[in-house]
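Engineer: Let me begin by handing over the structure; questions about it come next.
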Amino acid sequence: MGMNGEVRTRFAPSPTGFMHLGGLRTALYNYLFARKMGGKFILRIEDTDQERYVEGATEVIYDTLRGCGMQWDEGPDVGGPVGPYIQSERKDMYLPYAKQLVKTGHAYYCFCTECELRQRREAAEKRGEVFKYDKHCLSLTPEEVQAKLDAGTPYVIRQNAPTEGTTSYHDLVYGDMTFPNDTLDDMVLIKADGMPTYNFANVIDDHLMGITHVMRGAEYLSSTPKYNLLYEAFGWEVPQYVHLPSVMRDSHHKLSKRDGDAYYSDYVEKGYLTEALINYLALVGWNPGDDREFFTMDELVDVFDVARLNKAPGIFDVDKLTWFNAEYIRRMDFDRYLAMVTPWFDRVLAGKGIDYTRLAQLMQERTEVFNRVPDMVAFLGKLPEYDVDLYTHKKMKTNPEVATTALELCLPVLENIPEDAWSEANLHDRLMEKIQESGMKNGQVLWPLRIAISGQASTPGGAMEIAYLLGKDETLRRIREGMKLLESAREA
RNA sequence: GGCCCCGUGGUCAAGUGGCCUAAGACACCGCCCUUUCACGGCGGCUACUCGGGUUCGAAUCCCGACGGGGUCACCA
């Protein structure tokens with residue numbers, strides 16, 4: 001707990017230009033926990049790697065988090081009492097701490113060059129050994145160090161990790177963890193360019209920012225002992241740790257950039273809803289303990305409990321996400337759906353004069369992901385080429401002959417409906433009257449009709465709806481075309 | 001390879017020694033509804049990785065094996 005017992009969590013992404021779903025989930029849990037505990041959620045940008053700097057990347061982080069409904073209490077753009085919240089702007093704060101560690105023997109200057117280290121590492125690998133920095137520069141006398149410093153020799157500062165004994169800590173998810181110290185490497189704290197490494201900045205900042213609970217990916221499980229050694233060297237209180245199981249693509253791979261399935265933006269572009277994504281993501285690695293599956297952000301805050309976090313990695317199941325998405329779409333206000341689906345309609349129906357409102361009514365419960373909409377409605381804009389076989393449907397008891405009869409039956413009925421009376425109700429009543437009187441079954445007439453005007457086996461809505469959407473001229477045109485197709489098939 | 005973690009159906013998962021001849025959801029399959037599809041309703045399929053213990057009793061505790069993941073950077 002912080003000084004006044006307040007919980008403080010942080011999300012500390014590096015600005016790469018994209019928001020990884022695993023990272024988003026980490027942010028979500030940090031946010032939920034802070035809100036749940038009535039604490040503070042802090043955003044910190046970790047941009048100590050200058051080579052990886054990407055223009056506009058921080059905005060992507062802001063937009064994604066805000067878009068998902070996770071507003072931070074302290075951060076680069078909103079300020080706060082322990083700023084700045086961008087590590088590059090804190091650059092000068094770290095070196096003094098590193099020097100303090102050097103003074104107390106917990107760290108030391110190292111003048112080995114990257115090139116030398118690489119060679120030693122490769123040599124070790126060739127021998128089948130694990131490379132570990134051999135504390136070579138630790139044996140330099142204070143005079144030797146000073147001389148090199150005075151000469152302007154490039155240096156880094158390394159942690160002086162113990163080589164014997166063990167280091168333990170308690171994790172709120174994984175329980176008690178113990179690591180042999182001889183597996184700990186002397187990690188670099190300050191890089192040759194004067195910037196702190198993530199490993200160092202993270203500890204300093206978490207302490208200075210009063211972070212009480214560090215929630216991050218399980219990949220940090222084994223580097224945590226080194227961080228704790230740092231806290232102890234400074235005499236600082238170690239935060240609570242909450243390591244999160246990874247989000248996988250399948251049992252062997254994490255969600256990856258290469259497959260185009262790792263980033264928040266990938267899903268938004270495909271037409272997934274933010275609410276669905278957040279709702280689903282919350283459930284990969286955590287569950288409320290009962291059967292509830294649908295949660296708003298506020299409800300999530302209400303039920304979230306660190307004790308219910310899972311340890312095993314979770315596979316990100318796009319099918320389940322898609323189901324959530326479809327459910328959210330079905331439940332959304334019609335006006336919002338219409339506004340969202342319109343651009344997708346436009347891709348294939350722009351300028352065709354289709355009644356979007358009616359189409360949207362038909363489509364809302366059939367939409368799973370917006371990017372599947374164009375293919376579903378394209379037939380309204382242009383009759384697809386189709387095979388006569390489509391007229392044959394066993395259950396509907398139709399075949400080309402029945403279909404021909406059916407279309408011949410429908411054509412005059414539809415021709416007789418005036419343009420200004422071309423409504424679904426009218427279409428329905430006139431057609432049904434005729435079908436009754438013919439003695440044919442509904443399906444025997446309606447199936448061929450729908451095939452003729454849509455050219456495909458499955459459509460959003462039935463024959464009446466489609467005929468209405470198409471309008472009189474286009475409907476009649478398509479029926480005549482269908483009759484022609486049937487005729488040429490008969491001749492062949 | 002060293003160290004660490006994990007292991008219930010295809011996937012997410014409930015389960016904290018007896019209520020488990022193991023819930024729920026997604027996916028899949030079948031039936032019903034129906035002018036197609038979708039929605040909806042009903043039903044079905046499929047799991048405690050394996051082997052030893054401990055115990056009257058184990059998915060639950062212990063040990064081992066196997067499998068999977070993570071980590072071993074002047075990246076974060």
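Following the order of the structure tokens, first chain is A, next is B, and so on, with residues numbered from 1 inside each chain and ligands from 1 in the order they appear.
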From the DSSP assignment of the backbone, select every residue of segment 104-208 of chain A that is strand (DSSP E or B), and format the answer as a list of chain:residue names.

Structural biologist: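 Secondary structure check on segment 104-208 of chain A, strand (DSSP E or B): A:Ala107, A:Tyr108, A:Tyr109, A:Cys110, A:Val156, A:Ile157, A:Arg158, A:Gln159, A:Thr166, A:Thr167, A:Ser168, A:Tyr169, A:His170, A:Asp171, A:Gly175, A:Asp176, A:Met177, A:Thr178, A:Phe179, A:Pro180, A:Val188, A:Leu189, A:Ile190, A:Pro196.
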
Engineer: Suppose we keep N, CA and C atoms; can you now write the selection as a JSON list (two decimals), in the first residue's frame?

Structural biologist:
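Output file out.json follows:
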```
[["chain", "number", "residue", "atom", "x", "y", "z"],
["A", 107, "ALA", "N", 26.39, -1.96, -7.44],
["A", 107, "ALA", "CA", 26.52, -1.81, -8.88],
["A", 107, "ALA", "C", 27.94, -1.38, -9.18],
["A", 108, "TYR", "N", 28.34, -1.47, -10.43],
["A", 108, "TYR", "CA", 29.71, -1.08, -10.78],
["A", 108, "TYR", "C", 29.79, -0.64, -12.23],
["A", 109, "TYR", "N", 30.82, 0.14, -12.51],
["A", 109, "TYR", "CA", 31.04, 0.61, -13.88],
["A", 109, "TYR", "C", 31.60, -0.54, -14.70],
["A", 110, "CYS", "N", 31.17, -0.62, -15.95],
["A", 110, "CYS", "CA", 31.68, -1.66, -16.83],
["A", 110, "CYS", "C", 32.08, -1.03, -18.14],
["A", 156, "VAL", "N", 28.99, 1.48, -19.09],
["A", 156, "VAL", "CA", 27.62, 1.20, -18.64],
["A", 156, "VAL", "C", 27.75, 0.95, -17.15],
["A", 157, "ILE", "N", 26.61, 0.96, -16.47],
["A", 157, "ILE", "CA", 26.65, 0.61, -15.05],
["A", 157, "ILE", "C", 25.85, -0.68, -14.89],
["A", 158, "ARG", "N", 26.47, -1.64, -14.26],
["A", 158, "ARG", "CA", 25.82, -2.94, -14.07],
["A", 158, "ARG", "C", 25.45, -3.19, -12.62],
["A", 159, "GLN", "N", 24.41, -3.96, -12.47],
["A", 159, "GLN", "CA", 24.01, -4.39, -11.14],
["A", 159, "GLN", "C", 25.02, -5.44, -10.68],
["A", 166, "THR", "N", 19.63, -17.60, -2.46],
["A", 166, "THR", "CA", 18.43, -17.52, -3.30],
["A", 166, "THR", "C", 17.70, -16.22, -3.04],
["A", 167, "THR", "N", 16.87, -15.85, -3.96],
["A", 167, "THR", "CA", 16.02, -14.67, -3.78],
["A", 167, "THR", "C", 14.58, -15.11, -3.99],
["A", 168, "SER", "N", 13.74, -14.71, -3.07],
["A", 168, "SER", "CA", 12.33, -15.12, -3.16],
["A", 168, "SER", "C", 11.41, -13.92, -3.15],
["A", 169, "TYR", "N", 10.23, -14.14, -3.65],
["A", 169, "TYR", "CA", 9.20, -13.11, -3.54],
["A", 169, "TYR", "C", 7.85, -13.79, -3.64],
["A", 170, "HIS", "N", 6.85, -13.04, -3.30],
["A", 170, "HIS", "CA", 5.49, -13.58, -3.37],
["A", 170, "HIS", "C", 4.73, -12.91, -4.49],
["A", 171, "ASP", "N", 4.10, -13.70, -5.29],
["A", 171, "ASP", "CA", 3.29, -13.16, -6.38],
["A", 171, "ASP", "C", 1.84, -13.47, -6.08],
["A", 175, "GLY", "N", 2.00, -17.22, -6.49],
["A", 175, "GLY", "CA", 2.41, -17.69, -5.17],
["A", 175, "GLY", "C", 3.87, -17.41, -4.88],
["A", 176, "ASP", "N", 4.47, -18.24, -4.06],
["A", 176, "ASP", "CA", 5.86, -18.01, -3.67],
["A", 176, "ASP", "C", 6.82, -18.46, -4.74],
["A", 177, "MET", "N", 7.74, -17.58, -5.08],
["A", 177, "MET", "CA", 8.72, -17.87, -6.12],
["A", 177, "MET", "C", 10.12, -17.77, -5.53],
["A", 178, "THR", "N", 10.94, -18.74, -5.87],
["A", 178, "THR", "CA", 12.32, -18.71, -5.37],
["A", 178, "THR", "C", 13.29, -18.99, -6.51],
["A", 179, "PHE", "N", 14.33, -18.18, -6.60],
["A", 179, "PHE", "CA", 15.31, -18.35, -7.66],
["A", 179, "PHE", "C", 16.72, -18.42, -7.09],
["A", 180, "PRO", "N", 17.54, -19.34, -7.59],
["A", 180, "PRO", "CA", 18.93, -19.40, -7.17],
["A", 180, "PRO", "C", 19.64, -18.15, -7.68],
["A", 188, "VAL", "N", 22.53, -4.65, -17.09],
["A", 188, "VAL", "CA", 22.93, -3.26, -17.30],
["A", 188, "VAL", "C", 21.83, -2.36, -16.75],
["A", 189, "LEU", "N", 22.25, -1.36, -16.00],
["A", 189, "LEU", "CA", 21.31, -0.42, -15.41],
["A", 189, "LEU", "C", 21.27, 0.87, -16.23],
["A", 190, "ILE", "N", 22.46, 1.36, -16.55],
["A", 190, "ILE", "CA", 22.58, 2.58, -17.35],
["A", 190, "ILE", "C", 23.32, 2.20, -18.63],
["A", 196, "PRO", "N", 18.69, 4.93, -19.03],
["A", 196, "PRO", "CA", 18.56, 3.75, -18.18],
["A", 196, "PRO", "C", 17.96, 2.61, -19.02]]
```

Engineer: Need to verify the contact set: Pro13 of chain A, 9 Å, only C-alpha atoms (C1' of nucleotides), exclusion of same-chain residues closer than 4 positions in sequence. Can you return it as an NGL selection string?

Structural biologist: (:A and (19 or 23 or 27 or 43-47 or 61)) or (:B and (76))

Engineer: Which residues are close to C3 of chain B, i.e. within 10 Å by only C-alpha atoms (C1' of nucleotides), leaving aside same-chain residues fewer than 6 positions away? Reply as a list in words.

Structural biologist: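 Skipping anything fewer than 6 positions along the chain leaves Phe179, Pro180, Asn181, Asp182, Thr183, Leu184 and Ser222 of chain A; U71 and C72 of chain B.
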
Engineer: For N, CA, C and O atoms (P, O5', C5', C4', C3', O3' and C1' of nucleotides), I'd like the residues from the last selection saved as a PDB file, in the first residue's frame.

Structural biologist:
```pdb
ATOM      1  N   PHE A 179      14.326 -18.177  -6.597  1.00  0.00           N
ATOM      2  CA  PHE A 179      15.315 -18.346  -7.656  1.00  0.00           C
ATOM      3  C   PHE A 179      16.717 -18.424  -7.085  1.00  0.00           C
ATOM      4  O   PHE A 179      17.063 -17.644  -6.205  1.00  0.00           O
ATOM      5  N   PRO A 180      17.541 -19.340  -7.591  1.00  0.00           N
ATOM      6  CA  PRO A 180      18.935 -19.403  -7.169  1.00  0.00           C
ATOM      7  C   PRO A 180      19.645 -18.153  -7.677  1.00  0.00           C
ATOM      8  O   PRO A 180      19.482 -17.793  -8.844  1.00  0.00           O
ATOM      9  N   ASN A 181      20.406 -17.517  -6.836  1.00  0.00           N
ATOM     10  CA  ASN A 181      21.097 -16.287  -7.242  1.00  0.00           C
ATOM     11  C   ASN A 181      22.160 -16.504  -8.314  1.00  0.00           C
ATOM     12  O   ASN A 181      22.497 -15.595  -9.048  1.00  0.00           O
ATOM     13  N   ASP A 182      22.702 -17.721  -8.376  1.00  0.00           N
ATOM     14  CA  ASP A 182      23.761 -17.910  -9.374  1.00  0.00           C
ATOM     15  C   ASP A 182      23.233 -17.924 -10.808  1.00  0.00           C
ATOM     16  O   ASP A 182      23.990 -17.997 -11.753  1.00  0.00           O
ATOM     17  N   THR A 183      21.927 -17.837 -10.965  1.00  0.00           N
ATOM     18  CA  THR A 183      21.391 -17.751 -12.325  1.00  0.00           C
ATOM     19  C   THR A 183      21.149 -16.289 -12.706  1.00  0.00           C
ATOM     20  O   THR A 183      20.750 -15.995 -13.823  1.00  0.00           O
ATOM     21  N   LEU A 184      21.368 -15.403 -11.737  1.00  0.00           N
ATOM     22  CA  LEU A 184      21.119 -13.983 -11.997  1.00  0.00           C
ATOM     23  C   LEU A 184      22.301 -13.333 -12.712  1.00  0.00           C
ATOM     24  O   LEU A 184      23.436 -13.434 -12.277  1.00  0.00           O
ATOM     25  N   SER A 222      10.717 -14.236 -14.133  1.00  0.00           N
ATOM     26  CA  SER A 222      12.080 -14.609 -13.766  1.00  0.00           C
ATOM     27  C   SER A 222      13.059 -13.444 -13.683  1.00  0.00           C
ATOM     28  O   SER A 222      14.189 -13.636 -13.233  1.00  0.00           O
TER      29      SER A 222
ATOM     30  P     U B  71      10.109 -14.564 -23.110  1.00  0.00           P
ATOM     31  O5'   U B  71      11.260 -14.704 -22.026  1.00  0.00           O
ATOM     32  C5'   U B  71      11.170 -14.022 -20.782  1.00  0.00           C
ATOM     33  C4'   U B  71      12.351 -14.429 -19.943  1.00  0.00           C
ATOM     34  C3'   U B  71      13.673 -14.321 -20.662  1.00  0.00           C
ATOM     35  O3'   U B  71      14.136 -12.983 -20.599  1.00  0.00           O
ATOM     36  C1'   U B  71      13.526 -16.407 -19.555  1.00  0.00           C
ATOM     37  P     C B  72      15.414 -12.539 -21.470  1.00  0.00           P
ATOM     38  O5'   C B  72      16.559 -12.972 -20.452  1.00  0.00           O
ATOM     39  C5'   C B  72      17.899 -12.767 -20.784  1.00  0.00           C
ATOM     40  C4'   C B  72      18.727 -13.844 -20.140  1.00  0.00           C
ATOM     41  C3'   C B  72      19.812 -14.368 -21.069  1.00  0.00           C
ATOM     42  O3'   C B  72      20.927 -13.488 -21.051  1.00  0.00           O
ATOM     43  C1'   C B  72      18.698 -16.198 -20.083  1.00  0.00           C
TER      44        C B  72
END
```

Engineer: Please produce, as JSON lines, a per-residue contact table for chain B versus chain A (criterion: any atom at most 10 Å away, only C-alpha atoms (C1' of nucleotides) considered), showing the nearest atom pair and its distance in Å to one decimal, sorted by chain then residue number.

Structural biologist:
```
{"residue": "B:G1", "atom": "C1'", "partner": "A:Gly128", "partner_atom": "CA", "distance": 7.2}
{"residue": "B:G2", "atom": "C1'", "partner": "A:Val130", "partner_atom": "CA", "distance": 7.2}
{"residue": "B:C3", "atom": "C1'", "partner": "A:Thr183", "partner_atom": "CA", "distance": 6.4}
{"residue": "B:C4", "atom": "C1'", "partner": "A:Ser222", "partner_atom": "CA", "distance": 6.0}
{"residue": "B:C5", "atom": "C1'", "partner": "A:Tyr174", "partner_atom": "CA", "distance": 8.1}
{"residue": "B:C6", "atom": "C1'", "partner": "A:Ala312", "partner_atom": "CA", "distance": 5.2}
{"residue": "B:G7", "atom": "C1'", "partner": "A:Ala312", "partner_atom": "CA", "distance": 7.9}
{"residue": "B:U11", "atom": "C1'", "partner": "A:Asp317", "partner_atom": "CA", "distance": 6.2}
{"residue": "B:C12", "atom": "C1'", "partner": "A:Val284", "partner_atom": "CA", "distance": 6.7}
{"residue": "B:A13", "atom": "C1'", "partner": "A:Asn287", "partner_atom": "CA", "distance": 7.9}
{"residue": "B:A14", "atom": "C1'", "partner": "A:Gly289", "partner_atom": "CA", "distance": 7.1}
{"residue": "B:A23", "atom": "C1'", "partner": "A:Asp291", "partner_atom": "CA", "distance": 9.1}
{"residue": "B:G24", "atom": "C1'", "partner": "A:Asp291", "partner_atom": "CA", "distance": 5.8}
{"residue": "B:A25", "atom": "C1'", "partner": "A:Glu293", "partner_atom": "CA", "distance": 7.9}
{"residue": "B:C26", "atom": "C1'", "partner": "A:Lys320", "partner_atom": "CA", "distance": 4.8}
{"residue": "B:A27", "atom": "C1'", "partner": "A:Asp319", "partner_atom": "CA", "distance": 7.1}
{"residue": "B:U35", "atom": "C1'", "partner": "A:Leu446", "partner_atom": "CA", "distance": 4.9}
{"residue": "B:U36", "atom": "C1'", "partner": "A:Ser458", "partner_atom": "CA", "distance": 5.0}
{"residue": "B:C37", "atom": "C1'", "partner": "A:Ser458", "partner_atom": "CA", "distance": 4.7}
{"residue": "B:A38", "atom": "C1'", "partner": "A:Arg366", "partner_atom": "CA", "distance": 5.1}
{"residue": "B:C39", "atom": "C1'", "partner": "A:Glu365", "partner_atom": "CA", "distance": 6.6}
{"residue": "B:G68", "atom": "C1'", "partner": "A:Ser251", "partner_atom": "CA", "distance": 7.2}
{"residue": "B:G69", "atom": "C1'", "partner": "A:His252", "partner_atom": "CA", "distance": 7.4}
{"residue": "B:G70", "atom": "C1'", "partner": "A:Glu219", "partner_atom": "CA", "distance": 5.5}
{"residue": "B:U71", "atom": "C1'", "partner": "A:Ser222", "partner_atom": "CA", "distance": 6.2}
{"residue": "B:C72", "atom": "C1'", "partner": "A:Val130", "partner_atom": "CA", "distance": 7.4}
{"residue": "B:A73", "atom": "C1'", "partner": "A:Met187", "partner_atom": "CA", "distance": 9.0}
{"residue": "B:C74", "atom": "C1'", "partner": "A:Lys191", "partner_atom": "CA", "distance": 4.7}
{"residue": "B:C75", "atom": "C1'", "partner": "A:Asp49", "partner_atom": "CA", "distance": 7.3}
{"residue": "B:A76", "atom": "C1'", "partner": "A:Tyr198", "partner_atom": "CA", "distance": 6.0}
```

Engineer: One decimal, Å: what's the distance from atom CA of Glu419 of chain A over to atom CA of Gly471 of chain A, could you say?

Structural biologist: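 Rounded to one decimal, the two atoms are 8.1 Å apart.
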
Engineer: List the spatial neighbours of Lys257 of chain A as a list in words - criterion: any atom at most 10 Å away, only C-alpha atoms (C1' of nucleotides), same-chain residues fewer than 6 positions off excluded.

Structural biologist: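 Selected residues are Phe18, His20, Tyr263 and Asp266 of chain A.
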
Engineer: Can you write out the residues you just picked, keeping C-alpha atoms, as a tab-separated table (two decimals), in the first residue's frame?

Structural biologist:
```tsv
chain	number	residue	atom	x	y	z
A	18	PHE	CA	0.58	-0.50	-32.08
A	20	HIS	CA	-0.84	-5.46	-28.66
A	263	TYR	CA	-3.09	-5.67	-32.51
A	266	ASP	CA	-6.39	-5.19	-36.62
```

Engineer: When DSSP works through the backbone of this structure, what residues of segment 298-461 of chain A end up as alpha helix (DSSP H), shown as an NGL selection string?

Structural biologist: :A and (298-303 or 318-331 or 334-349 or 356-364 or 373-381 or 400-415 or 424-438 or 442-454)

Engineer: One decimal, Å: what's the distance from atom CA of His243 of chain A over to atom CA of Val303 of chain A, could you say?

Structural biologist: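 Calculated distance between atom CA of His243 of chain A and atom CA of Val303 of chain A is 19.2 Å.
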
Engineer: Would you mind listing what lies within 12 Å of C32 of chain B as an MDAnalysis selection string, with only C-alpha atoms (C1' of nucleotides) counted and same-chain residues fewer than 4 positions away left out?

Structural biologist: chainID B and resid 40:43

Engineer: Skipping near chain neighbours, those fewer than 6 positions away, what residues fall within 12 Å of Glu269 of chain A using only C-alpha atoms (C1' of nucleotides), listed as number ranges by chain?

Structural biologist: A: 260-261, 263, 344, 369-372

Engineer: Report, in Å with one decimal, the straight-line distance from atom CA of Met440 of chain A to atom CA of Glu481 of chain A.

Structural biologist: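 Value for the atom CA of Met440 of chain A-atom CA of Glu481 of chain A distance: 22.4 Å.
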
Engineer: When distances are computed from only C-alpha atoms, which of A:Arg480, A:Leu485, A:Asp302, A:Thr58 shows the smallest separation from Tyr391 of chain A?

Structural biologist: A:Leu485
